[in-house]
Protein chains: 2
Amino acid sequence: MITRMSSLFLRTLREDPADAEVPSHKLLVRAGYVRRVAPGGYSWLPLGLKVLRNIEAVVREEMDAFGAQEIQFPALLPKEPYEATNRWEEYGPNIFRLKDRKGADYLLGPTHEELFTLTVKGEYSSYKDYPVTLYQIQTKYRDEARPRAGILRGREFLMKDSYSFDLTDEGLSKSYQDHRDAYIRIFDRLGLEYVIVSATSGAMGGSASEEFLAVAETGEDTFVRSTESGYAANVEAVTTPVPAAQPIDDKPAAQVHHTPNTPTIETLVDFLNATTDRKFTAADTLKNVLVKLRQPGKDWELLAVAVPGDREVDFKRLEAAMEPAEVAMLDEADFAKNPFLVKGYIGPGAIQANGVRFLADPRVVTGTAWVTGADKADHHVVDLVVGRDFTPDGVIDVAEVREGDPSPDGKGVLVAARGIEIGHIFQLGRKYADAFSLDALGPDSKPVRITMGSYGIGVSRLVAAIAEQSHDDRGLIWPRNVAPADVHVVVAGKDETLLGAGEDFAKQLSEKGLKVLLDDRKASPGVKFADAELVGIPTILVIGRGLKDGTVEVKDRRSGDRVEVPVAEAVDHLVQVVRG
Amino acid sequence: MITRMSSLFLRTLREDPADAEVPSHKLLVRAGYVRRVAPGGYSWLPLGLKVLRNIEAVVREEMDAFGAQEIQFPALLPKEPYEATNRWEEYGPNIFRLKDRKGADYLLGPTHEELFTLTVKGEYSSYKDYPVTLYQIQTKYRDEARPRAGILRGREFLMKDSYSFDLTDEGLSKSYQDHRDAYIRIFDRLGLEYVIVSATSGAMGGSASEEFLAVAETGEDTFVRSTESGYAANVEAVTTPVPAAQPIDDKPAAQVHHTPNTPTIETLVDFLNATTDRKFTAADTLKNVLVKLRQPGKDWELLAVAVPGDREVDFKRLEAAMEPAEVAMLDEADFAKNPFLVKGYIGPGAIQANGVRFLADPRVVTGTAWVTGADKADHHVVDLVVGRDFTPDGVIDVAEVREGDPSPDGKGVLVAARGIEIGHIFQLGRKYADAFSLDALGPDSKPVRITMGSYGIGVSRLVAAIAEQSHDDRGLIWPRNVAPADVHVVVAGKDETLLGAGEDFAKQLSEKGLKVLLDDRKASPGVKFADAELVGIPTILVIGRGLKDGTVEVKDRRSGDRVEVPVAEAVDHLVQVVRG
């Protein structure tokens, strides 16, 4: 197939768009791949649509390869199924809602768990029908508060979403693993550098939820990775290694100190180091952070979280750990209502004496001794020992994770990185099957509740993620499997001989099955070279001055390497380069 | 590719769905191609999606073949461009409108003229850039008052819409013809029986608008066709042949008759035939129908339409003829305000004396004599002659069209038929270019206003249109180019030998590049045969009792013809049948 730039609906731009901050956004607009139509709404111009379709084809192939079956739902969906699962409310302002001419409520689908569940329920009834995995590649809608970075976070976007339906937990594990393997093949074929991070701490069971993050400085997601192993995780999912318990007997007795003017951990440590003969650090202190939380449908209740004084509580980790409960900081009214909380001097004693749930960091193990509040203004207690002087009600792993912390797998230390979420696999379990009573009739004629997995790939976002990873200051550099063409034939001149040779090469390459972008415009070689760099086809064939001596130039867009090739060998050479 | 029915997400139904009236709706649901999700909203199950994608591929190929370039817009569109063209208002309740979280107005795109125009304006500036034709294959939304017949008239549907942009009227004519030719190739390849009807009367210039209608009794569109030529047209577009003018001199003088108790044309004709020595028919009478019309932005005004008394005014034709003005019947208040209108006895005299515009049917030519109202209760006038006693202000061709009327091309007479609109091509002209000032800078540096065409194909509707034309009482019969598989291999039995042979045939056929649907279920042959008829793959390979004697059976779904084929020749035979 030959695409001629003389008639291609493409106008490249010299300037970055004013609203663009990240490279993929700038370059995809400058190179004429996408255009902004509305906040978070983009049109795909011809080259952009080709890239999108190439990615879609890879996703489809790998989904089909493991037996997933493609179907397609409407995007305009009735309210009722989403009310049944409470998501109509839960989504808050994040979905688009509308009414039809009769006043009936609809939404634009953000994900389709409800519809898939109902559809399987509509068709299947026996245990013999299962397992089944269904998917769609479909336009999705979310009313993002802050659409950003072009197609990276849009309000209308293309997504592959799939759902597995199994009779057993083991079946779900297999379906999950099938997806995980397929995602690895997909992202490998797309030439992405990515990590697979645990998205939950394991409270829901090991690999119940993992995210695929394309590594990119401009990514919205932060994660940590080990310096020495393949370990990578969302900060929310990092587990702190639990130190061994210590003997209690050798610890000195707890002792209350008058510690005036020590409003911070730092001033407290300085005061103790100046007034005692011991050397304390912030890590020896225990900070008792009071928050309130509300289980769905319940009232607010207090919760105390104890972390070593050298670390803050990471609120995102706390929220993740407490899900589905809502968490909030205390306000002055809360303190006023609970006068046993002596601000700045809260200790385990008053917390537990007043029936407040008290959870502590994994480092707070039996036998460890802590400096902490004495529940009295200007007083702290030293050598308060776990298992002797207090015992937390449980463990909570929500202290901030820092670069240099040991990797949970015991190999190396953690460093921070950023990524773009390109895939998410998740063992949903029976939430939706319960909501809609999705059962199979078992061999014993008893109903078996189905267990589900939910799996997503941001197909249009992948275009941006790839561009984010694969570009230089002159333009885009497409991996071969997604490039809108295989070879960019640049006719470096306007004379008929060169144009004729360009047409001839394009025709020969096309006959070999290659997709050719032919720059047959009446523009200067400089303009054409700059556009070729910007547009980012991986291989560039330059037909220029060398032609009269029987040579053309083949340039690799990524490395910049150029080779002179005799005209007679050029087609075979290019086929070899493209096919590998 | 092999699709196994043992794991395919497909459950056929024995009963027609309760809400289905037309065959395509019944069969597409029963055969498991689509499922209803909401009024006018359907999900595509695996086989249905394959048919849809096959059709989409044919449309794409033929669009690409003549140089149209594919792009894609969001479906969620901001209000502003549609306000600029007044369509935000004009669509009334027929589009879906919604607000985002900030309260900004959006719509779900019904068609995309505005966006295409703005996009071309954004990229192109010089006359050298033109012409260009862009298209998209995209989900569209219309809030139909009465979604019906499954996917035939949905509220969410897949459409190919394209737009041509030309510098000149001649260019537009060529773009229009390119589309017309491509549409013919598309609908031919899809195996459809269709007619191309003029959608307008020619007032906008010859072939300015044509519709492609798939001939189907269940179609919503009526059209007329000639018994003797290829002429076909929407009823709105039929032109009445104009009879020759007649001499005036030989006509008797007009005479007012007292005609008591003649409230209808029929009673009037009977009365005159009884009280005079002449023989009148309803066609000799002239019915003056008063309506009111309102040009955009203007006040209502009266309009009189005169048609022969044997015909009604066709309100749809009247609306089409008066566009963009709005037309309505008079109510009692209107008559009260205009006492010169003597209901039941209105004649040309009072109409014209009171300054009401008076348009007459093309048959009302100079020299014709009419029986009509005398503007006085219980009185009619006979022998009111055109050109002597009255002269209409103009011609209007809005009388009902009837079977047996002469074909406008002079060949044969008209008969009525019904069809499904599957395509529409339309010379828009400069309406949208004017709205957005889409100009090209000409060679003389003067701006040239661009002229546009708009072209649509209802891609998802085609699935229903094909099913509507191609089925029998046992099920669907897909034309080869759209069938979800090439061969349906039915293993007629449960024993391992037959199943093994089925797998083996499926594998061999797949290796030859054929798409195979393999019925490897543990069901009875009867169930499998019935499902094969219902599902409608054009060629069925039955592996059954004959296998032990070295034969299999190849059945043609459409004709029902069966041939026994030796096992060794079966694969080549099938390749031959499929490839033709």
# chains A, B, ... in the order shown; residues from 1 in each chain; ligands from 1

call {"tool": "residues_around", "arguments": {"residues": "B:Leu167", "least_positions_apart": "4", "cutoff": "9 Å", "atoms": "only C-alpha atoms", "output": "list in words"}}
result
Tyr127, Tyr130, Pro131, Gly171, Leu172, Asp439, Ala440, Val448, Arg449, Ile450, Thr451 and Met452 of chain B

call {"tool": "interface_residues", "arguments": {"of": "chain B", "to": "chain A", "cutoff": "7 Å", "atoms": "only C-alpha atoms", "output": "PyMOL selection string"}}
result
chain B and resi 11+38+41-46+49+69-74+78+93+96-98+100-101+123+143+156

call {"tool": "residues_around", "arguments": {"residues": "A:Trp370", "least_positions_apart": "2", "cutoff": "8 Å", "atoms": "only C-alpha atoms", "output": "list in words"}}
result
Asp284, Thr285, Leu286, Thr368, Thr372, Val382, Asp383, Leu384 and Val385 of chain A

call {"tool": "write_last_selection", "arguments": {"atoms": "all heavy atoms", "output": "PDB file, in the first residue's frame"}}
result
ATOM      1  N   ASP A 284      13.422   6.098  66.681  1.00  0.00           N
ATOM      2  CA  ASP A 284      13.129   5.509  67.992  1.00  0.00           C
ATOM      3  C   ASP A 284      11.812   6.016  68.567  1.00  0.00           C
ATOM      4  O   ASP A 284      11.355   5.529  69.607  1.00  0.00           O
ATOM      5  CB  ASP A 284      14.251   5.857  68.983  1.00  0.00           C
ATOM      6  CG  ASP A 284      15.584   5.271  68.546  1.00  0.00           C
ATOM      7  OD1 ASP A 284      15.589   4.130  68.045  1.00  0.00           O
ATOM      8  OD2 ASP A 284      16.608   5.975  68.664  1.00  0.00           O
ATOM      9  N   THR A 285      11.240   7.006  67.944  1.00  0.00           N
ATOM     10  CA  THR A 285       9.996   7.563  68.470  1.00  0.00           C
ATOM     11  C   THR A 285       8.802   6.931  67.752  1.00  0.00           C
ATOM     12  O   THR A 285       8.926   6.413  66.633  1.00  0.00           O
ATOM     13  CB  THR A 285       9.930   9.084  68.269  1.00  0.00           C
ATOM     14  OG1 THR A 285       9.806   9.363  66.880  1.00  0.00           O
ATOM     15  CG2 THR A 285      11.202   9.760  68.811  1.00  0.00           C
ATOM     16  N   LEU A 286       7.685   6.944  68.403  1.00  0.00           N
ATOM     17  CA  LEU A 286       6.463   6.393  67.812  1.00  0.00           C
ATOM     18  C   LEU A 286       5.434   7.516  67.722  1.00  0.00           C
ATOM     19  O   LEU A 286       5.084   8.137  68.722  1.00  0.00           O
ATOM     20  CB  LEU A 286       5.928   5.256  68.701  1.00  0.00           C
ATOM     21  CG  LEU A 286       4.823   4.409  68.085  1.00  0.00           C
ATOM     22  CD1 LEU A 286       5.336   3.634  66.881  1.00  0.00           C
ATOM     23  CD2 LEU A 286       4.270   3.438  69.133  1.00  0.00           C
ATOM     24  N   THR A 368      10.154  -4.222  71.101  1.00  0.00           N
ATOM     25  CA  THR A 368      10.751  -2.935  70.705  1.00  0.00           C
ATOM     26  C   THR A 368      10.303  -1.862  71.707  1.00  0.00           C
ATOM     27  O   THR A 368       9.197  -1.896  72.234  1.00  0.00           O
ATOM     28  CB  THR A 368      10.326  -2.514  69.280  1.00  0.00           C
ATOM     29  OG1 THR A 368       8.903  -2.613  69.182  1.00  0.00           O
ATOM     30  CG2 THR A 368      10.966  -3.407  68.235  1.00  0.00           C
ATOM     31  N   THR A 372       7.315   7.930  73.096  1.00  0.00           N
ATOM     32  CA  THR A 372       6.040   8.362  72.517  1.00  0.00           C
ATOM     33  C   THR A 372       5.318   9.296  73.482  1.00  0.00           C
ATOM     34  O   THR A 372       5.839   9.606  74.562  1.00  0.00           O
ATOM     35  CB  THR A 372       5.181   7.127  72.136  1.00  0.00           C
ATOM     36  OG1 THR A 372       4.046   7.551  71.389  1.00  0.00           O
ATOM     37  CG2 THR A 372       4.726   6.357  73.371  1.00  0.00           C
ATOM     38  N   VAL A 382       9.497   7.322  77.725  1.00  0.00           N
ATOM     39  CA  VAL A 382      10.646   6.669  77.092  1.00  0.00           C
ATOM     40  C   VAL A 382      10.616   5.198  77.489  1.00  0.00           C
ATOM     41  O   VAL A 382      10.165   4.868  78.592  1.00  0.00           O
ATOM     42  CB  VAL A 382      11.956   7.358  77.565  1.00  0.00           C
ATOM     43  CG1 VAL A 382      13.176   6.606  77.015  1.00  0.00           C
ATOM     44  CG2 VAL A 382      11.987   8.815  77.102  1.00  0.00           C
ATOM     45  N   ASP A 383      11.072   4.344  76.534  1.00  0.00           N
ATOM     46  CA  ASP A 383      11.111   2.900  76.794  1.00  0.00           C
ATOM     47  C   ASP A 383       9.735   2.283  77.047  1.00  0.00           C
ATOM     48  O   ASP A 383       9.553   1.457  77.945  1.00  0.00           O
ATOM     49  CB  ASP A 383      12.061   2.588  77.974  1.00  0.00           C
ATOM     50  CG  ASP A 383      13.518   2.767  77.561  1.00  0.00           C
ATOM     51  OD1 ASP A 383      13.839   2.480  76.389  1.00  0.00           O
ATOM     52  OD2 ASP A 383      14.311   3.238  78.397  1.00  0.00           O
ATOM     53  N   LEU A 384       8.781   2.704  76.265  1.00  0.00           N
ATOM     54  CA  LEU A 384       7.477   2.042  76.297  1.00  0.00           C
ATOM     55  C   LEU A 384       7.607   0.801  75.405  1.00  0.00           C
ATOM     56  O   LEU A 384       7.862   0.913  74.193  1.00  0.00           O
ATOM     57  CB  LEU A 384       6.386   2.990  75.773  1.00  0.00           C
ATOM     58  CG  LEU A 384       4.964   2.632  76.186  1.00  0.00           C
ATOM     59  CD1 LEU A 384       4.761   2.933  77.679  1.00  0.00           C
ATOM     60  CD2 LEU A 384       3.955   3.417  75.373  1.00  0.00           C
ATOM     61  N   VAL A 385       7.514  -0.361  75.980  1.00  0.00           N
ATOM     62  CA  VAL A 385       7.879  -1.594  75.282  1.00  0.00           C
ATOM     63  C   VAL A 385       6.629  -2.375  74.847  1.00  0.00           C
ATOM     64  O   VAL A 385       5.689  -2.561  75.626  1.00  0.00           O
ATOM     65  CB  VAL A 385       8.778  -2.469  76.187  1.00  0.00           C
ATOM     66  CG1 VAL A 385       9.002  -3.859  75.567  1.00  0.00           C
ATOM     67  CG2 VAL A 385      10.125  -1.778  76.390  1.00  0.00           C
TER      68      VAL A 385
END

call {"tool": "residues_around", "arguments": {"residues": "A:Leu534", "least_positions_apart": "3", "cutoff": "9 Å", "atoms": "only C-alpha atoms", "output": "list in words"}}
result
Thr12, Leu27, Arg30, Ala31, His471, Asp473, Arg474, Gly475, Leu476, Ile477, Phe529, Ala530, Asp531 and Ile537 of chain A

call {"tool": "closest_residue", "arguments": {"among": "A:Asp549, A:Arg557, A:Thr259, A:Thr391", "to": "A:Ala377", "atoms": "only C-alpha atoms"}}
result
A:Thr259

call {"tool": "select_by_dssp", "arguments": {"residues": "stretch 221-354 of chain B", "states": "alpha helix (DSSP H)", "output": "JSON, numbers by chain"}}
result
{"B": [265, 266, 267, 268, 269, 270, 271, 272, 273, 274, 275, 315, 316, 317, 318, 319, 320, 321, 322, 332, 333, 334, 335, 336, 337, 348, 349, 350, 351, 352, 353]}

call {"tool": "residues_around", "arguments": {"residues": "B:Val356", "least_positions_apart": "2", "cutoff": "12 Å", "atoms": "only C-alpha atoms", "output": "list in words"}}
result
Asn288, Val289, Leu290, Val291, Lys292, Leu293, Glu301, Leu302, Leu303, Ala304, Val305, Asn338, Phe340, Leu341, Gly347, Pro348, Gly349, Ala350, Ile351, Gln352, Ala353, Asn354, Phe358, Leu359, Pro392 and Asp393 of chain B

call {"tool": "residues_around", "arguments": {"residues": "A:Glu83", "least_positions_apart": "6", "cutoff": "12 Å", "atoms": "only C-alpha atoms", "output": "PyMOL selection string"}}
result
chain A and resi 77+89-91+105-107+114+435-436

call {"tool": "residues_around", "arguments": {"residues": "B:Trp300", "least_positions_apart": "2", "cutoff": "12 Å", "atoms": "only C-alpha atoms", "output": "PyMOL selection string"}}
result
chain B and resi 291-298+302-303+325-330+334

call {"tool": "write_last_selection", "arguments": {"atoms": "all heavy atoms", "output": "short mmCIF file (atom, residue, chain, number, x, y, z; two decimals), in the first residue's frame"}}
result
data_model
loop_
_atom_site.label_atom_id
_atom_site.label_comp_id
_atom_site.auth_asym_id
_atom_site.auth_seq_id
_atom_site.Cartn_x
_atom_site.Cartn_y
_atom_site.Cartn_z
N VAL B 291 -53.02 25.69 3.79
CA VAL B 291 -52.09 25.35 4.89
C VAL B 291 -51.41 26.65 5.31
O VAL B 291 -51.62 27.70 4.71
CB VAL B 291 -51.03 24.32 4.43
CG1 VAL B 291 -51.69 23.00 4.05
CG2 VAL B 291 -50.19 24.87 3.30
N LYS B 292 -50.62 26.54 6.35
CA LYS B 292 -49.81 27.71 6.70
C LYS B 292 -48.36 27.28 6.72
O LYS B 292 -48.04 26.11 6.99
CB LYS B 292 -50.22 28.29 8.05
CG LYS B 292 -50.21 27.33 9.22
CD LYS B 292 -50.76 28.00 10.48
CE LYS B 292 -50.87 26.98 11.62
NZ LYS B 292 -51.43 27.57 12.85
N LEU B 293 -47.47 28.19 6.38
CA LEU B 293 -46.05 27.85 6.43
C LEU B 293 -45.25 28.99 7.02
O LEU B 293 -45.70 30.14 7.05
CB LEU B 293 -45.53 27.37 5.08
CG LEU B 293 -44.91 28.32 4.08
CD1 LEU B 293 -44.28 27.51 2.97
CD2 LEU B 293 -45.99 29.23 3.49
N ARG B 294 -44.10 28.61 7.54
CA ARG B 294 -43.27 29.58 8.25
C ARG B 294 -41.83 29.40 7.80
O ARG B 294 -41.20 28.36 8.04
CB ARG B 294 -43.38 29.32 9.76
CG ARG B 294 -42.54 30.27 10.59
CD ARG B 294 -42.96 30.24 12.05
NE ARG B 294 -42.75 28.91 12.63
CZ ARG B 294 -43.01 28.63 13.91
NH1 ARG B 294 -43.50 29.55 14.73
NH2 ARG B 294 -42.79 27.41 14.38
N GLN B 295 -41.31 30.42 7.12
CA GLN B 295 -39.90 30.40 6.75
C GLN B 295 -39.09 30.59 8.03
O GLN B 295 -39.57 31.21 8.97
CB GLN B 295 -39.58 31.55 5.77
CG GLN B 295 -40.35 31.51 4.47
CD GLN B 295 -39.94 30.37 3.55
OE1 GLN B 295 -38.91 29.72 3.77
NE2 GLN B 295 -40.75 30.10 2.52
N PRO B 296 -37.85 30.04 8.07
CA PRO B 296 -37.03 30.19 9.28
C PRO B 296 -36.94 31.66 9.69
O PRO B 296 -36.61 32.53 8.86
CB PRO B 296 -35.66 29.65 8.86
CG PRO B 296 -35.95 28.74 7.71
CD PRO B 296 -37.15 29.30 7.01
N GLY B 297 -37.26 31.93 10.93
CA GLY B 297 -37.16 33.28 11.46
C GLY B 297 -38.28 34.23 11.06
O GLY B 297 -38.25 35.42 11.40
N LYS B 298 -39.27 33.70 10.32
CA LYS B 298 -40.39 34.56 9.89
C LYS B 298 -41.69 34.14 10.59
O LYS B 298 -41.72 33.17 11.33
CB LYS B 298 -40.60 34.41 8.36
CG LYS B 298 -39.38 34.80 7.51
CD LYS B 298 -39.43 36.27 7.13
CE LYS B 298 -38.22 36.67 6.31
NZ LYS B 298 -38.29 36.17 4.93
N LEU B 302 -50.26 32.18 5.11
CA LEU B 302 -51.13 31.20 4.47
C LEU B 302 -50.56 30.79 3.12
O LEU B 302 -49.85 31.55 2.46
CB LEU B 302 -52.53 31.80 4.26
CG LEU B 302 -53.34 32.09 5.52
CD1 LEU B 302 -54.70 32.69 5.14
CD2 LEU B 302 -53.53 30.81 6.34
N LEU B 303 -50.90 29.57 2.72
CA LEU B 303 -50.52 29.07 1.40
C LEU B 303 -51.69 28.21 0.90
O LEU B 303 -52.21 27.38 1.64
CB LEU B 303 -49.25 28.23 1.47
CG LEU B 303 -48.89 27.49 0.17
CD1 LEU B 303 -48.41 28.47 -0.91
CD2 LEU B 303 -47.80 26.43 0.44
N ALA B 325 -38.80 25.74 5.03
CA ALA B 325 -39.96 26.28 5.75
C ALA B 325 -40.72 25.15 6.44
O ALA B 325 -40.68 24.00 6.00
CB ALA B 325 -40.89 27.01 4.78
N GLU B 326 -41.40 25.50 7.51
CA GLU B 326 -42.21 24.56 8.26
C GLU B 326 -43.64 24.67 7.76
O GLU B 326 -44.11 25.77 7.45
CB GLU B 326 -42.11 24.98 9.73
CG GLU B 326 -42.60 24.00 10.76
CD GLU B 326 -42.47 24.60 12.16
OE1 GLU B 326 -41.75 25.62 12.30
OE2 GLU B 326 -43.09 24.08 13.09
N VAL B 327 -44.35 23.56 7.67
CA VAL B 327 -45.71 23.57 7.14
C VAL B 327 -46.65 22.99 8.18
O VAL B 327 -46.29 22.04 8.88
CB VAL B 327 -45.81 22.70 5.86
CG1 VAL B 327 -47.18 22.87 5.21
CG2 VAL B 327 -44.71 23.06 4.87
N ALA B 328 -47.85 23.57 8.30
CA ALA B 328 -48.82 23.02 9.26
C ALA B 328 -50.23 23.17 8.69
O ALA B 328 -50.48 23.99 7.81
CB ALA B 328 -48.72 23.74 10.61
N MET B 329 -51.15 22.33 9.19
CA MET B 329 -52.55 22.44 8.81
C MET B 329 -53.14 23.68 9.48
O MET B 329 -52.64 24.13 10.51
CB MET B 329 -53.33 21.21 9.28
CG MET B 329 -52.74 19.87 8.89
SD MET B 329 -52.72 19.64 7.10
CE MET B 329 -54.49 19.37 6.79
N LEU B 330 -54.22 24.21 8.91
CA LEU B 330 -54.91 25.32 9.57
C LEU B 330 -55.76 24.79 10.71
O LEU B 330 -56.31 23.69 10.63
CB LEU B 330 -55.81 26.05 8.58
CG LEU B 330 -55.13 26.73 7.39
CD1 LEU B 330 -56.10 27.70 6.72
CD2 LEU B 330 -53.87 27.47 7.81
N ASP B 334 -57.38 29.78 12.75
CA ASP B 334 -56.90 30.35 11.49
C ASP B 334 -58.08 30.67 10.56
O ASP B 334 -58.11 31.71 9.91
CB ASP B 334 -55.96 29.36 10.79
CG ASP B 334 -54.67 29.14 11.55
OD1 ASP B 334 -54.06 30.15 11.98
OD2 ASP B 334 -54.28 27.98 11.73
#

call {"tool": "select_by_dssp", "arguments": {"residues": "stretch 312-471 of chain B", "states": "strand (DSSP E)", "output": "PyMOL selection string"}}
result
chain B and resi 326-329+357-360+369-373+379-385+394-395+414-429+439-441+447-449+451-458+471

call {"tool": "closest_residue", "arguments": {"among": "A:Gly500, A:Asp221, A:Ser510, A:Asn86", "to": "A:Ala485", "atoms": "only C-alpha atoms"}}
result
A:Ser510

call {"tool": "atom_distance", "arguments": {"atom1": "atom CA of A:Ala84", "atom2": "atom CA of A:Lys431"}}
result
11.4 Å

call {"tool": "atom_distance", "arguments": {"atom1": "atom CA of A:Arg363", "atom2": "atom CA of A:Thr239"}}
result
11.1 Å

call {"tool": "closest_residue", "arguments": {"among": "A:Ala360, A:Glu266, A:Asp188, A:Met1", "to": "A:Lys512", "atoms": "only C-alpha atoms"}}
result
A:Met1
